[in-house]
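Reading through the C-alpha cells given below for one structure.
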Amino acid sequence: MKEWYDAIKEAQSVEKLEEIRISVFGKKGVLAAEFAKMKSAVNEEKAQLAKELNTHKAALTDELTQRKVVLQTLELEANMKAEAIDVSLYRAKCQSGGLHPVMETMDRIIEYFVAMNFAVKTGNMLEDDFNNFEALNLPKYHPARDMQDTFYFKDEMLLRTHTSPVQIRTMMANKPPIRMIAPGAVFRRDYDLTHTPMFHQVEGLLVDEEGKVSFANLKFILEDFLKYMFGDVEVRFRPSFFPFTEPSAEVDISCVFCKGDGCRVCSKTGWLEVLGCGIVDPNVFDAVGYKNVSGYAFGLGVERFAMLIHHIGDLRSLFEGDIKLLEQFQ
Amino acid sequence: MIVTRSWLSEWIDLSGITTDDLVKTLNSIGLEVDRVHKYEIPAKIIFGRVLDCEKHPDADKLNVCKVDIGTSVRQIVCGASNVRTGLDVVVATIGAVMPSGLVIKPVKLRGVESEGMICSASEIGLEDCQSGIIELDKSVGSYELGQELCTNPTFNDDLIEIELTANRGDCLSIRGIARDLSAALGRDLKERNTEDSNDDRRIGIGRILSLTHEKDLHVNLRYKAVDLENLSLPFVVKLRLAQIEEKRETDIESLMLYATHSSGVILRAYDYSFFCDKEETMAKVELSEDENGYAIIGSKEKASTIGIIQEDDSKVKYDKGTVLIEASYIPPDIISKQMFVNKIPSGPMYYRTSRGSEPELNQGLDFCLNVLEENSESSIYGGTIEISDSYDEKVVSVTKKEIDAIIGATIEKAKITKILKNLGFNTSKSQADTFVITVPRFRHDIVNKQDIIEEIVRMIGIDNIPSKPFVFTEANRFEDDYFLFKKKRFFRHKAASCGFFESVHFVFDEKKVLNGFGFETTQEDLELLNPIVNTLDTLRPTLITGLLKAASQNKKNGYASVRLFEVGSVFSPLREESLKMGLLFSGDKEQESLLNGGKPSLIDFGTFVQKVADVIGDFELQEYETKHSLSHPYQSAQILIAGEVAGELFRLHPNVEESYDLEATYICELDFTKIPFTLKKAKSYSKYQASFRDLSVIIPREMRFSQLQAVIDALENEELIRYYPVDRYTDASLGENISLSIRFVLQSQEKTLQEEDITSTMDAILEAFKTNLGVGLR
C-alpha cells in the first residue's frame with residue numbers, strides 16, 4: 001500500500017489525484033482487490049486483515065482530502081497569478097466635466113447670503129435709463145456716469161451696468177423690509193487685459209425702519225462674508241464714493257498671495273480691493289417712494305473673487321471655454 | 001491726481017510724517033492711493049557750478065568745463081548744448097553709480113581728462129523735463145556747492161498718484177489735497193499772503209480793458225493784465241509739469257497749468273490783441289451765452305467757452321506782449337448740464353470744471369502772478385476786472401442721534417464739531433443736539449445729512465467703527481428666483497458629472513455670422529448702438545455658436561474630445577431674454593486609454609442622446625428640420641419632454657464641421673424652463689418576475705420606429721411595461737428592407753406571467769403590426 005501513499009503525496013494536479021482515487025477506491029481498485037482477498041482468510045486472520053484494510057482506507061481518504069485541498073489552493077493561486085494586473089497602468093484620471101470657476105464662486109456667494117436669510121432676486125439684462133441710472137442718483141449729466149461706460153441700443157434701452165436695477169425693481173414691487181441679493185451678468189464697454197465687456201456681480205441690499213440700519217451692521221456682515229470666502233484675511237474699509245450710497249466705502253482684504261507683504265498682484269500695497277458698499281443714499285429711497293427707512297447696500301465682481309480664490313491670472317480666459325483652464329476644476 | 005511731497009509741503013507742513021504714513025492717511029480719508037514712486041538720487045551726485053566753459057580742441061560738440069564742486073574744482077567734459085559759464089549744475093562725481101548702472105570713473109575724452117559728468121534729468125532718474133543738462137535755479141531751494149542732491153527736499157521727493165472719486169472736485173489740486181490732509185492731520189493749511197503790496201503803484205487794468213455782459217450768468221470771472229517780458233520757467237515748475245505728465249506749447253500756458261494744478265482755480269491766458277479793435281486802444285471782453293454755454297467774445301470773434309475750451313486764435317503765441325489772465329468758476333452742475341444738453345465736445349478743462357473747480361479765484365490768480373513776477377521781467381497792471389454771481393450759502397442740519405444711528409456707534413459731540421471745523425464747515429449756529437452746518441463753497445458734493453455723516457466717518461476712520469450684527473425679523477425668503485438658481489445649480493452639477501465642462505460666453509455675438517447660419521438676430525431698429533468690436537455686434541439668439549467657437553479652439557489646443565455646456569441667456573429679435581442650456585460633444589467618445597487601444601471611436605448619435613438624457617432626464621426625439629443651417633439634415637431632431645417641445649438635438653453639418661475644423665460634433669440646445677425639476681412621486685411596482693422577449697420584424701427601410709411605437713402603444717397592454725430597439729440588421733437578401741429587433745419587457749402586478757400569457761401578448765403585437773403596417777417576422 002505504501003506506494004499509494006507516496007503517489008498521493010506526489011500527485012501534482014487535481015486530475016492526477018482523481019485518477020489515484022479511482023485506482024485505490026474504485027470498484028476495480030486496489031482496496032476492493034484487497035478486501036476480496038479476505039474471502040479466503042480465516043477468522044482471526046480475517047479480522048486482523050479487515051482492521052488493517054480499514055485503517056488504510058481511512059488514512060488514504062485523509063491523505064487524498066488533504067492533498068486535494070493543497071492542490072486546489074495551488075491551482076487557484078496559479079489561476080489568480082495568471083490574472084495579475086499591472087495596477088500602475090491604471091491611473092485614476094477623473095473623466096467627469098467641471099463647473100466654471102466663476103459660476104461656482106457665484107454659487108458659494110449666494111449660498112452664504114441665503115444662509116444669512118437674504119432672498120435671491122434676478123432681473124433682465126436689458127434695462128432702461130431710469131432703473132439703471134436715474135433711480136440710483138445718477139442723473140444724465142452726472143460725471144460719475146463716466147465710471148460706467150454703457151452699451152446702448154438704438155431705442156435708448158441699455159445693457160445693465162450693474163445689478164442695482166434689480167434692487168430698484170424689487171423695492172418698487174415690495175414694501176420694506178427688504179433683504180436681498182441680486183446676482184447676474186453685467187456689461188461695460190471696456191475690453192482689455194483687465195476688463196471684459198461682460199462680467200458678473202452680486203449686489204446686496206437691506207432696507208428696514210429709519211434709524212435701524214447702520215454702517216456698523218454693514219461692517220459686520222461684510223467682514224464675516226469675506227472671511228467665509230477667503231479664509232483668514234484681514235479686512236480694511238476705506239471711505240470712497242458711489243452715487244447710490246453715502247457714506248460709501250471700498251473694502252480691501254490683505255493680499256491672498258503675499259499675506260500683506262506686498263507683491264505684483266497687490267501692486268506692492270499688501271491689500272486687494274474686493275468690494276464696494278455703503279449706506280443707501282436718501283435720493284435712492286426717494287426715487288422708489290420709500291419713506292422713513294434706512295438701509296445698506298454692497299456689490300462685488302464675481303470674476304475678481306474667482307481669480308483671487310483660484311489664482312487665475314488671465315481674466316479673458318474665463319470667457320473662452322478653454323478646457324486647459326476648466327479641467328482644473330473637475 | 002498726482003502730488004509730490006515737496007509740492008504738498010508748499011501748502012501744509014509734513015515734517016515728521018513719513019510717506020508711508022501719508023499714504024495710510026490719504027487712504028483712510030477716502031483719497032485712494034494708486035501708486036507711490038520714491039525718487040532715489042544716488043550718492044555722490046552733487047550740486048556744482050560751471051566756472052569756465054571752453055570748446056574742446058578736438059571735438060565740435062564737446063565743451064571742457066571747470067566745475068566747482070565745493071571741495072575742489074574739477075575738469076569735466078560735457079556734450080550738452082546748454083552748458084555755459086556761471087550755470088549751477090548737477091554733477092555725478094567719481095564713484096557715483098547712476099540709476100542706469102553706469103559707474104563714474106575718470107576718463108579721457110578725445111584726449112582731454114574728465115573727472116565726472118554733468119547730468120540731465122533723466123540721467124539721475126527724474127522725469128525728462130528739460131533738454132540737455134539740468135539748469136539749477138533758486139526754485140530748488142537753498143543748497144551749497146558739493147552738497148549731495150539726495151539731501152535736498154526737491155530731489156529727495158516722493159510722488160503719490162491718487163485715484164479721485166467723481167465727487168471730490170475740491171481735491172483736484174495740490175492745495176485741495178493739502179486742505180483735506182490738514183483736517184485729517186490736525187495741521188493748519190499754509191495760506192499765502194494774497195495782498196499785492198505794489199498794487200497802488202501799478203497802472204490800473206481799467207485803462208486797457210473793459211468787460212461787458214448782456215445778462216446775469218452763473219459764472220465768476222476775474223481778469224488781470226500783464227506786459228509779459230523774459231519769462232523763464234524755473235526748474236521746479238518744469239520738473240513738476242513733467243511729473244504730472246503735462247506739456248504745453250508756450251511757457252505762459254505751462255505756467256497757467258502749473259497754477260491750476262497747484263491751486264485748483266481754472267486759469268487761462270489770452271492774447272490781449274485778440275480783444276482789440278483796430279481803431280480802438282481799449283480791449284473789450286464780452287461775456288455772452290451761446291449754443292455751447294458761456295462764451296468769451298473778443299472783437300466779434302469767440303475767444304473761448306468758459307470752463308471747457310479755448311479757441312486757438314485767442315491763445316498767447318509768444319511769451320511776450322500784453323496778456324490777459326482769466327480766472328473762472330462755474331458751478332459744476334451747471335456746466336455738466338450744459339455739456340449734456342448741448343452735446344458739446346469736451347475740452348481739457350472739463351474734467352476739473354464738471355467735478356467742481358476752486359471758487360476762490362484769488363487763490364489761483366495770485367499764485368500764478370507771484371510765480372510770473374518772480375521769474376520774469378513782466379509788469380503787472382493794478383487791480384482786477386471781475387464779475388461775480390450771487391451765491392446762497394448751503395446749510396445742512398443733522399442731529400447727533402441721526403449721526404449715531406447711521407454710523408452705528410456713539411460719537412462724541414466735541415469730536416464731531418472738531419472734525420467739521422477742520423474740514424472748513426461752519427457750525428456756529430448749532431443748538432443743543434442739532435448741528436446746523438454751513439458748507440464751504442468748494443465742497444460741491446455736500447448737500448444732505450448723509451453727506452455730512454460721510455465726512456465724519458471719513459475722518460474718524462471706518463476701521464474705528466465697531467462691527468455689529470443686524471437684528472432682523474425672520475422671514476421665508478425662498479422665492480421663484482431662488483428656485484431657478486437651485487434648478488440651474490442642479491443641472492449644471494449633473495452636466496459636469498456626466499463629463500461636460502461648463503463654459504461662459506459673452507451674450508454678444510457676430511451678426512453677420514449668425515445671419516449667415518440662418519439665425520434671426522435683434523431687429524435693426526432695436527440693435528446695439530455702440531458695440532465694442534464688430535465681432536460682438538449683436539445679442540446672441542443661441543448658445544450654439546459660442547460653444548462651437550470654443551470647441552474649435554480646444555481642438556486646435558490638442559483636445560481630441562471636447563465636451564462643453566453652458567446655461568445662459570439668449571435674446572429674440574425683439575430682445576426678449578430667455579434661459580437656455582446648450583450641450584456640445586465633439587470628437588472622441590472617450591479618452592484614449594488601454595480600454596480602447598488608444599483609438600477611441602468618435603461620438604455618435606446614440607451615445608450623445610444617452611449623455612444628454614443622463615443630464616436632463618427622459619425625453620423622446622422626433623424628426624425635425626432646424627431653422628438654422630448648422631445641422632446635418634438627416635441627423636437632427638426635436639426634443640420632446642412629456643410630449644412638449646423642449647429643444648433640438650443634431651449633428652453638425654459636415655461642411656460646418658469642416659469649416660470649424662472639427663470631427664463628428666453633436667449639439668443640443670434646450671429651453672431651460674422646459675426641463676422638468678419637480679419632486680418625484682413613487683409608483684407602485686410589481687413584486688413578480690419580469691419576462692423578456694425579442695421580436696425581429698422585417699420593415700421597409702424608410703419606416704420609422706415611431707410608427708411601430710404608435711401601433712404598440714395603441715394596444716394599451718398593461719403587462720407590457722417597457723420595450724426598446726436592440727438591433728438593426730441589413731443584408732443583401734433583405735433588399736430594401738431591414739430587420740429590426742425589439743425587446744419587450746412583460747410584467748404583471750398580480751402574478752408571475754405564464755408562457756401562454758406572454759405568447760398571447762406577443763401574438764397580439766404581431767397581429768397589430770400586420771394589420772396596421774403590413775410587416776411581420778423575419
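Residue names in the C-alpha cells use chain letters A, B, ... in the order shown, residue numbers from 1 in each chain, and ligand numbers from 1 in the order shown.
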
Give me, as a Markdown table, each residue of chain A that comes within 7 Å of chain B, together with its shortest interatomic pair and the distance in Å at one decimal, counting only C-alpha atoms, with rows ordered by chain and rising residue number.
| residue | atom | partner | partner_atom | distance |
| --- | --- | --- | --- | --- |
| A:Gln95 | CA | B:Gly499 | CA | 6.2 |
| A:Ser96 | CA | B:Gly499 | CA | 3.8 |
| A:Gly97 | CA | B:Gly499 | CA | 3.8 |
| A:Gly98 | CA | B:Ala496 | CA | 4.6 |
| A:Leu99 | CA | B:Glu502 | CA | 5.0 |
| A:His100 | CA | B:Glu502 | CA | 5.0 |
| A:Asn117 | CA | B:Arg477 | CA | 6.7 |
| A:Phe118 | CA | B:Arg477 | CA | 6.6 |
| A:Ala119 | CA | B:Arg477 | CA | 4.8 |
| A:Val120 | CA | B:Tyr482 | CA | 5.2 |
| A:Lys121 | CA | B:Asp481 | CA | 5.5 |
| A:Thr122 | CA | B:Asp481 | CA | 6.2 |
| A:Asn124 | CA | B:Glu577 | CA | 7.0 |
| A:Tyr141 | CA | B:Lys337 | CA | 5.3 |
| A:His142 | CA | B:Ser336 | CA | 7.0 |
| A:Pro143 | CA | B:Ala166 | CA | 6.5 |
| A:Ala144 | CA | B:Ala166 | CA | 5.5 |
| A:Phe151 | CA | B:Asn530 | CA | 6.0 |
| A:Tyr152 | CA | B:Leu529 | CA | 5.3 |
| A:Phe153 | CA | B:Leu528 | CA | 4.1 |
| A:Lys154 | CA | B:Leu529 | CA | 5.3 |
| A:Asp155 | CA | B:Leu526 | CA | 5.8 |
| A:Arg189 | CA | B:Ile532 | CA | 6.2 |
| A:Met198 | CA | B:Phe506 | CA | 6.0 |
| A:Gly211 | CA | B:Ala405 | CA | 5.2 |
| A:Lys212 | CA | B:Ala405 | CA | 6.9 |
| A:Val213 | CA | B:Ile406 | CA | 6.7 |
| A:Ser214 | CA | B:Ile406 | CA | 4.5 |
| A:Phe215 | CA | B:Ile407 | CA | 4.8 |
| A:Ala216 | CA | B:Ser467 | CA | 4.5 |
| A:Asn217 | CA | B:Lys468 | CA | 4.8 |
| A:Lys219 | CA | B:Ser467 | CA | 5.2 |
| A:Phe220 | CA | B:Ser467 | CA | 4.5 |
| A:Ile221 | CA | B:Pro469 | CA | 6.9 |
| A:Arg236 | CA | B:Asp463 | CA | 6.6 |
| A:Phe237 | CA | B:Ile462 | CA | 5.8 |
| A:Arg238 | CA | B:Ser28 | CA | 5.4 |
| A:Pro239 | CA | B:Gly30 | CA | 4.2 |
| A:Ser240 | CA | B:Gly30 | CA | 5.0 |
| A:Phe241 | CA | B:Thr165 | CA | 5.8 |
| A:Glu246 | CA | B:Gln450 | CA | 5.8 |
| A:Pro247 | CA | B:Glu454 | CA | 4.2 |
| A:Phe319 | CA | B:His505 | CA | 5.1 |
| A:Glu320 | CA | B:Ala550 | CA | 6.1 |
| A:Gly321 | CA | B:Ser503 | CA | 4.6 |
| A:Asp322 | CA | B:Asn554 | CA | 6.2 |
| A:Ile323 | CA | B:Asn554 | CA | 6.6 |
| A:Leu326 | CA | B:Phe501 | CA | 6.5 |

Expected file: the selected residues, N, CA and C atoms, as a compact mmCIF listing (two decimals), in the first residue's frame:
# COMPACT_ATOMS: atom_id res chain seq x y z
N GLN A 95 -12.75 61.61 -15.36
CA GLN A 95 -13.19 61.96 -16.71
C GLN A 95 -14.50 62.74 -16.69
N SER A 96 -14.88 63.17 -15.52
CA SER A 96 -16.11 63.97 -15.48
C SER A 96 -15.80 65.37 -15.99
N GLY A 97 -16.83 66.15 -16.18
CA GLY A 97 -16.61 67.54 -16.58
C GLY A 97 -16.37 68.37 -15.34
N GLY A 98 -16.67 69.66 -15.42
CA GLY A 98 -16.45 70.50 -14.26
C GLY A 98 -17.26 71.77 -14.37
N LEU A 99 -17.41 72.43 -13.23
CA LEU A 99 -18.16 73.68 -13.21
C LEU A 99 -17.22 74.84 -13.43
N HIS A 100 -17.73 75.88 -14.05
CA HIS A 100 -16.93 77.07 -14.34
C HIS A 100 -16.58 77.77 -13.03
N ASN A 117 -30.16 84.52 5.41
CA ASN A 117 -31.57 84.90 5.21
C ASN A 117 -31.76 86.08 4.26
N PHE A 118 -30.97 86.09 3.19
CA PHE A 118 -31.21 87.06 2.11
C PHE A 118 -32.01 86.34 1.02
N ALA A 119 -32.93 87.04 0.37
CA ALA A 119 -33.64 86.48 -0.77
C ALA A 119 -32.77 86.65 -2.01
N VAL A 120 -32.92 85.72 -2.97
CA VAL A 120 -32.19 85.84 -4.24
C VAL A 120 -33.14 86.44 -5.27
N LYS A 121 -32.68 87.51 -5.94
CA LYS A 121 -33.53 88.17 -6.93
C LYS A 121 -32.76 88.33 -8.24
N THR A 122 -33.45 88.09 -9.35
CA THR A 122 -32.79 88.29 -10.64
C THR A 122 -33.64 89.22 -11.49
N ASN A 124 -33.84 91.27 -15.77
CA ASN A 124 -33.40 91.26 -17.16
C ASN A 124 -32.06 91.98 -17.34
N TYR A 141 -26.53 114.01 -16.52
CA TYR A 141 -25.32 114.81 -16.70
C TYR A 141 -24.26 114.52 -15.63
N HIS A 142 -24.53 113.54 -14.77
CA HIS A 142 -23.64 113.30 -13.64
C HIS A 142 -22.27 112.78 -14.10
N PRO A 143 -21.18 113.42 -13.62
CA PRO A 143 -19.87 112.96 -14.09
C PRO A 143 -19.56 111.51 -13.72
N ALA A 144 -20.23 111.01 -12.68
CA ALA A 144 -19.96 109.62 -12.27
C ALA A 144 -20.42 108.62 -13.33
N PHE A 151 -23.32 100.18 -22.76
CA PHE A 151 -23.81 99.73 -24.07
C PHE A 151 -25.25 100.21 -24.24
N TYR A 152 -25.48 100.99 -25.29
CA TYR A 152 -26.84 101.46 -25.56
C TYR A 152 -27.40 100.78 -26.80
N PHE A 153 -28.75 100.76 -26.88
CA PHE A 153 -29.43 100.30 -28.07
C PHE A 153 -30.00 101.50 -28.79
N LYS A 154 -30.43 101.27 -30.03
CA LYS A 154 -30.92 102.38 -30.84
C LYS A 154 -32.16 103.03 -30.23
N ASP A 155 -32.92 102.27 -29.43
CA ASP A 155 -34.13 102.84 -28.84
C ASP A 155 -33.89 103.32 -27.41
N ARG A 189 -18.59 98.90 -21.42
CA ARG A 189 -17.91 98.97 -22.71
C ARG A 189 -16.42 99.13 -22.51
N MET A 198 -18.48 91.84 -20.63
CA MET A 198 -19.48 91.23 -19.76
C MET A 198 -18.75 90.65 -18.55
N GLY A 211 -33.27 104.59 11.11
CA GLY A 211 -32.50 104.54 12.35
C GLY A 211 -32.08 103.14 12.77
N LYS A 212 -32.51 102.13 11.99
CA LYS A 212 -32.22 100.76 12.41
C LYS A 212 -30.95 100.19 11.77
N VAL A 213 -30.68 100.64 10.54
CA VAL A 213 -29.55 100.05 9.80
C VAL A 213 -28.35 100.99 9.85
N SER A 214 -27.22 100.46 10.33
CA SER A 214 -26.06 101.34 10.49
C SER A 214 -24.85 100.80 9.73
N PHE A 215 -23.87 101.67 9.61
CA PHE A 215 -22.61 101.29 8.99
C PHE A 215 -21.96 100.13 9.75
N ALA A 216 -22.15 100.13 11.06
CA ALA A 216 -21.58 99.05 11.89
C ALA A 216 -22.16 97.70 11.49
N ASN A 217 -23.46 97.68 11.11
CA ASN A 217 -24.10 96.45 10.65
C ASN A 217 -23.48 95.98 9.33
N LYS A 219 -20.51 96.64 8.25
CA LYS A 219 -19.16 96.14 8.53
C LYS A 219 -19.21 94.70 9.01
N PHE A 220 -20.18 94.43 9.88
CA PHE A 220 -20.26 93.09 10.47
C PHE A 220 -20.44 92.02 9.39
N ILE A 221 -21.43 92.24 8.54
CA ILE A 221 -21.74 91.17 7.58
C ILE A 221 -20.64 91.03 6.54
N ARG A 236 -10.14 95.65 5.51
CA ARG A 236 -9.94 97.08 5.73
C ARG A 236 -11.01 97.85 4.96
N PHE A 237 -11.59 98.85 5.59
CA PHE A 237 -12.59 99.70 4.93
C PHE A 237 -11.96 101.05 4.62
N ARG A 238 -12.14 101.52 3.39
CA ARG A 238 -11.65 102.84 3.00
C ARG A 238 -12.81 103.69 2.53
N PRO A 239 -12.93 104.93 3.00
CA PRO A 239 -14.02 105.78 2.51
C PRO A 239 -13.90 105.94 1.00
N SER A 240 -15.02 105.95 0.31
CA SER A 240 -14.99 106.12 -1.13
C SER A 240 -16.25 106.83 -1.57
N PHE A 241 -16.55 106.75 -2.85
CA PHE A 241 -17.72 107.44 -3.35
C PHE A 241 -18.47 106.57 -4.34
N GLU A 246 -24.14 106.52 0.70
CA GLU A 246 -23.45 107.58 1.43
C GLU A 246 -23.73 107.45 2.92
N PRO A 247 -22.74 107.26 3.75
CA PRO A 247 -21.32 107.14 3.44
C PRO A 247 -21.03 105.88 2.61
N PHE A 319 -13.70 83.48 -20.38
CA PHE A 319 -14.83 83.53 -21.33
C PHE A 319 -14.52 82.78 -22.62
N GLU A 320 -13.51 81.92 -22.60
CA GLU A 320 -13.09 81.26 -23.84
C GLU A 320 -13.47 79.78 -23.88
N GLY A 321 -14.10 79.27 -22.83
CA GLY A 321 -14.45 77.84 -22.80
C GLY A 321 -13.22 76.97 -22.98
N ASP A 322 -12.10 77.41 -22.46
CA ASP A 322 -10.83 76.73 -22.67
C ASP A 322 -10.68 75.57 -21.68
N ILE A 323 -10.63 74.34 -22.21
CA ILE A 323 -10.59 73.16 -21.33
C ILE A 323 -9.31 73.11 -20.51
N LEU A 326 -10.55 74.84 -17.61
CA LEU A 326 -11.74 74.24 -16.98
C LEU A 326 -11.45 72.88 -16.35

Env of B:Leu136: 9 Å cut, atoms = only C-alpha atoms, seq-sep filter 6 positions within chain, self excluded. Answer as a CSV table (one decimal) with C-alpha atoms, in the first residue's frame.
chain,number,residue,atom,x,y,z
B,47,PHE,CA,25.5,120.4,-6.7
B,87,LEU,CA,25.5,127.8,-14.6
B,88,ASP,CA,24.7,125.7,-11.5
B,89,VAL,CA,24.5,122.1,-12.5
B,90,VAL,CA,24.2,118.6,-11.2
B,234,PRO,CA,12.0,127.8,-13.0
B,235,PHE,CA,13.4,124.3,-12.9
B,236,VAL,CA,10.9,123.1,-10.3

Could you pull the residues within 7 Å of A:Glu203, counting only C-alpha atoms, minus those fewer than 6 positions along the same chain, as a list in words?
-> Thr163, Ser164, Ile181, Ala182, Pro183, Phe298, Gly299 and Leu300 of chain A

Selection above as a file: C-alpha atoms, as a PDB file, in the first residue's frame:
ATOM      1  CA  THR A 163     -27.289  94.529 -10.955  1.00  0.00           C
ATOM      2  CA  SER A 164     -28.595  97.510  -8.974  1.00  0.00           C
ATOM      3  CA  ILE A 181     -29.028  89.813  -3.176  1.00  0.00           C
ATOM      4  CA  ALA A 182     -29.011  90.270  -6.951  1.00  0.00           C
ATOM      5  CA  PRO A 183     -26.525  88.008  -8.753  1.00  0.00           C
ATOM      6  CA  PHE A 298     -22.909  96.390  -1.315  1.00  0.00           C
ATOM      7  CA  GLY A 299     -21.612  94.989  -4.574  1.00  0.00           C
ATOM      8  CA  LEU A 300     -18.778  92.823  -5.799  1.00  0.00           C
TER       9      LEU A 300
END

Filtered DSSP result for stretch 11-239 of chain A, state alpha helix (DSSP H), as a ChimeraX atom specification | /A:14-25,30-37,43-82,101-115,129-132,164-173,215-230

Contacts of B:Asp588 at 6 Å (only C-alpha atoms; same-chain gap of 5+ positions) as JSON, numbers by chain = {"B": [560, 561, 600, 601, 602, 603]}

Would you write out those residues with N, CA and C atoms, as an mmCIF file, in the first residue's frame?
data_model
loop_
_atom_site.group_PDB
_atom_site.id
_atom_site.type_symbol
_atom_site.label_atom_id
_atom_site.label_comp_id
_atom_site.auth_asym_id
_atom_site.auth_seq_id
_atom_site.Cartn_x
_atom_site.Cartn_y
_atom_site.Cartn_z
ATOM 1 N N ALA B 560 -8.765 66.001 -28.291
ATOM 2 C CA ALA B 560 -9.446 65.184 -29.295
ATOM 3 C C ALA B 560 -10.916 64.987 -28.926
ATOM 4 N N SER B 561 -11.219 65.150 -27.642
ATOM 5 C CA SER B 561 -12.598 65.003 -27.192
ATOM 6 C C SER B 561 -12.998 66.290 -26.474
ATOM 7 N N PRO B 600 -10.057 55.565 -29.449
ATOM 8 C CA PRO B 600 -11.480 55.655 -29.120
ATOM 9 C C PRO B 600 -12.285 55.974 -30.378
ATOM 10 N N SER B 601 -13.509 55.469 -30.425
ATOM 11 C CA SER B 601 -14.326 55.803 -31.588
ATOM 12 C C SER B 601 -14.916 57.192 -31.401
ATOM 13 N N LEU B 602 -15.413 57.744 -32.499
ATOM 14 C CA LEU B 602 -15.974 59.096 -32.448
ATOM 15 C C LEU B 602 -17.365 59.063 -31.831
ATOM 16 N N ILE B 603 -17.754 60.192 -31.298
ATOM 17 C CA ILE B 603 -19.091 60.313 -30.715
ATOM 18 C C ILE B 603 -20.128 60.033 -31.815
#

Nearest-residue call for B:Leu539, choices B:Pro654, B:Gly125, B:Pro573, B:Gly643, using only C-alpha atoms = B:Pro573

Who sits within 9 Å of A:Glu303, only C-alpha atoms, same chain under 2 positions skipped, as a ChimeraX atom specification | /A:101-103,105-106,199-201,301,305-308,315,318

Would you save the residues of that selection, restricted to N, CA and C atoms, as a PDB file, in the first residue's frame?
ATOM      1  N   PRO A 101     -15.300  78.154 -12.851  1.00  0.00           N
ATOM      2  CA  PRO A 101     -14.914  78.742 -11.557  1.00  0.00           C
ATOM      3  C   PRO A 101     -15.705  80.001 -11.192  1.00  0.00           C
ATOM      4  N   VAL A 102     -16.104  80.772 -12.199  1.00  0.00           N
ATOM      5  CA  VAL A 102     -16.870  81.991 -11.884  1.00  0.00           C
ATOM      6  C   VAL A 102     -18.267  81.617 -11.386  1.00  0.00           C
ATOM      7  N   MET A 103     -18.887  80.654 -12.071  1.00  0.00           N
ATOM      8  CA  MET A 103     -20.239  80.245 -11.679  1.00  0.00           C
ATOM      9  C   MET A 103     -20.211  79.570 -10.308  1.00  0.00           C
ATOM     10  N   THR A 105     -18.013  80.130  -7.958  1.00  0.00           N
ATOM     11  CA  THR A 105     -17.780  81.168  -6.956  1.00  0.00           C
ATOM     12  C   THR A 105     -19.092  81.901  -6.663  1.00  0.00           C
ATOM     13  N   MET A 106     -19.843  82.180  -7.727  1.00  0.00           N
ATOM     14  CA  MET A 106     -21.127  82.843  -7.567  1.00  0.00           C
ATOM     15  C   MET A 106     -22.032  81.984  -6.681  1.00  0.00           C
ATOM     16  N   PHE A 199     -19.314  90.825 -17.387  1.00  0.00           N
ATOM     17  CA  PHE A 199     -18.792  90.147 -16.204  1.00  0.00           C
ATOM     18  C   PHE A 199     -19.945  89.944 -15.229  1.00  0.00           C
ATOM     19  N   HIS A 200     -19.658  89.383 -14.066  1.00  0.00           N
ATOM     20  CA  HIS A 200     -20.755  89.040 -13.154  1.00  0.00           C
ATOM     21  C   HIS A 200     -20.613  89.767 -11.821  1.00  0.00           C
ATOM     22  N   GLN A 201     -21.756  90.105 -11.275  1.00  0.00           N
ATOM     23  CA  GLN A 201     -21.777  90.805  -9.995  1.00  0.00           C
ATOM     24  C   GLN A 201     -22.736  90.119  -9.049  1.00  0.00           C
ATOM     25  N   GLY A 301     -17.538  92.060  -7.722  1.00  0.00           N
ATOM     26  CA  GLY A 301     -17.329  91.415  -9.022  1.00  0.00           C
ATOM     27  C   GLY A 301     -16.946  89.964  -8.809  1.00  0.00           C
ATOM     28  N   PHE A 305     -13.314  87.805  -7.536  1.00  0.00           N
ATOM     29  CA  PHE A 305     -13.284  86.838  -6.437  1.00  0.00           C
ATOM     30  C   PHE A 305     -12.723  85.496  -6.919  1.00  0.00           C
ATOM     31  N   ALA A 306     -13.258  85.030  -8.057  1.00  0.00           N
ATOM     32  CA  ALA A 306     -12.832  83.715  -8.571  1.00  0.00           C
ATOM     33  C   ALA A 306     -11.341  83.721  -8.873  1.00  0.00           C
ATOM     34  N   MET A 307     -10.868  84.813  -9.458  1.00  0.00           N
ATOM     35  CA  MET A 307      -9.454  84.887  -9.827  1.00  0.00           C
ATOM     36  C   MET A 307      -8.562  84.877  -8.593  1.00  0.00           C
ATOM     37  N   LEU A 308      -8.992  85.593  -7.561  1.00  0.00           N
ATOM     38  CA  LEU A 308      -8.186  85.641  -6.339  1.00  0.00           C
ATOM     39  C   LEU A 308      -8.231  84.320  -5.584  1.00  0.00           C
ATOM     40  N   LEU A 315      -8.032  87.212 -16.956  1.00  0.00           N
ATOM     41  CA  LEU A 315      -9.482  87.415 -16.910  1.00  0.00           C
ATOM     42  C   LEU A 315     -10.158  86.908 -18.175  1.00  0.00           C
ATOM     43  N   LEU A 318     -11.441  83.352 -18.904  1.00  0.00           N
ATOM     44  CA  LEU A 318     -12.673  82.867 -18.268  1.00  0.00           C
ATOM     45  C   LEU A 318     -13.836  82.794 -19.250  1.00  0.00           C
TER      46      LEU A 318
END

Enumerate the residues of stretch 1-184 of chain A with a DSSP assignment of strand (DSSP E), computed from the backbone, and present them as a ChimeraX atom specification.
-> /A:119-120,126-127,158-159,178-184

Closest to B:Ser6 among B:Arg187, B:His653, B:Arg201, B:Lys38, using only C-alpha atoms?
->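 Among B:Arg187, B:His653, B:Arg201, B:Lys38, it is B:Lys38 that comes nearest to B:Ser6.
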
Tell me, as a PyMOL selection string, which residues lie within 12 Å of A:Arg21, counting only C-alpha atoms; anything in the same chain fewer than 4 positions away does not count.
-> chain A and resi 4-5+7-8+11+14-17+25-31+57+60-65+67-68

Counting only C-alpha atoms, what is within 8 Å of A:His195, bar same-chain residues fewer than 3 positions away, as a ChimeraX atom specification?
-> /A:190-192,315-316

Write the residues you've just listed into a file as a PDB file, in the first residue's frame, and include C-alpha atoms for each of them.
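Contents of result.pdb, as written:
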ATOM      1  CA  ASP A 190     -14.371  98.070 -21.849  1.00  0.00           C
ATOM      2  CA  TYR A 191     -12.179  95.347 -23.324  1.00  0.00           C
ATOM      3  CA  ASP A 192      -8.545  94.919 -22.354  1.00  0.00           C
ATOM      4  CA  LEU A 315      -9.482  87.415 -16.910  1.00  0.00           C
ATOM      5  CA  ARG A 316     -10.234  86.895 -20.572  1.00  0.00           C
TER       6      ARG A 316
END
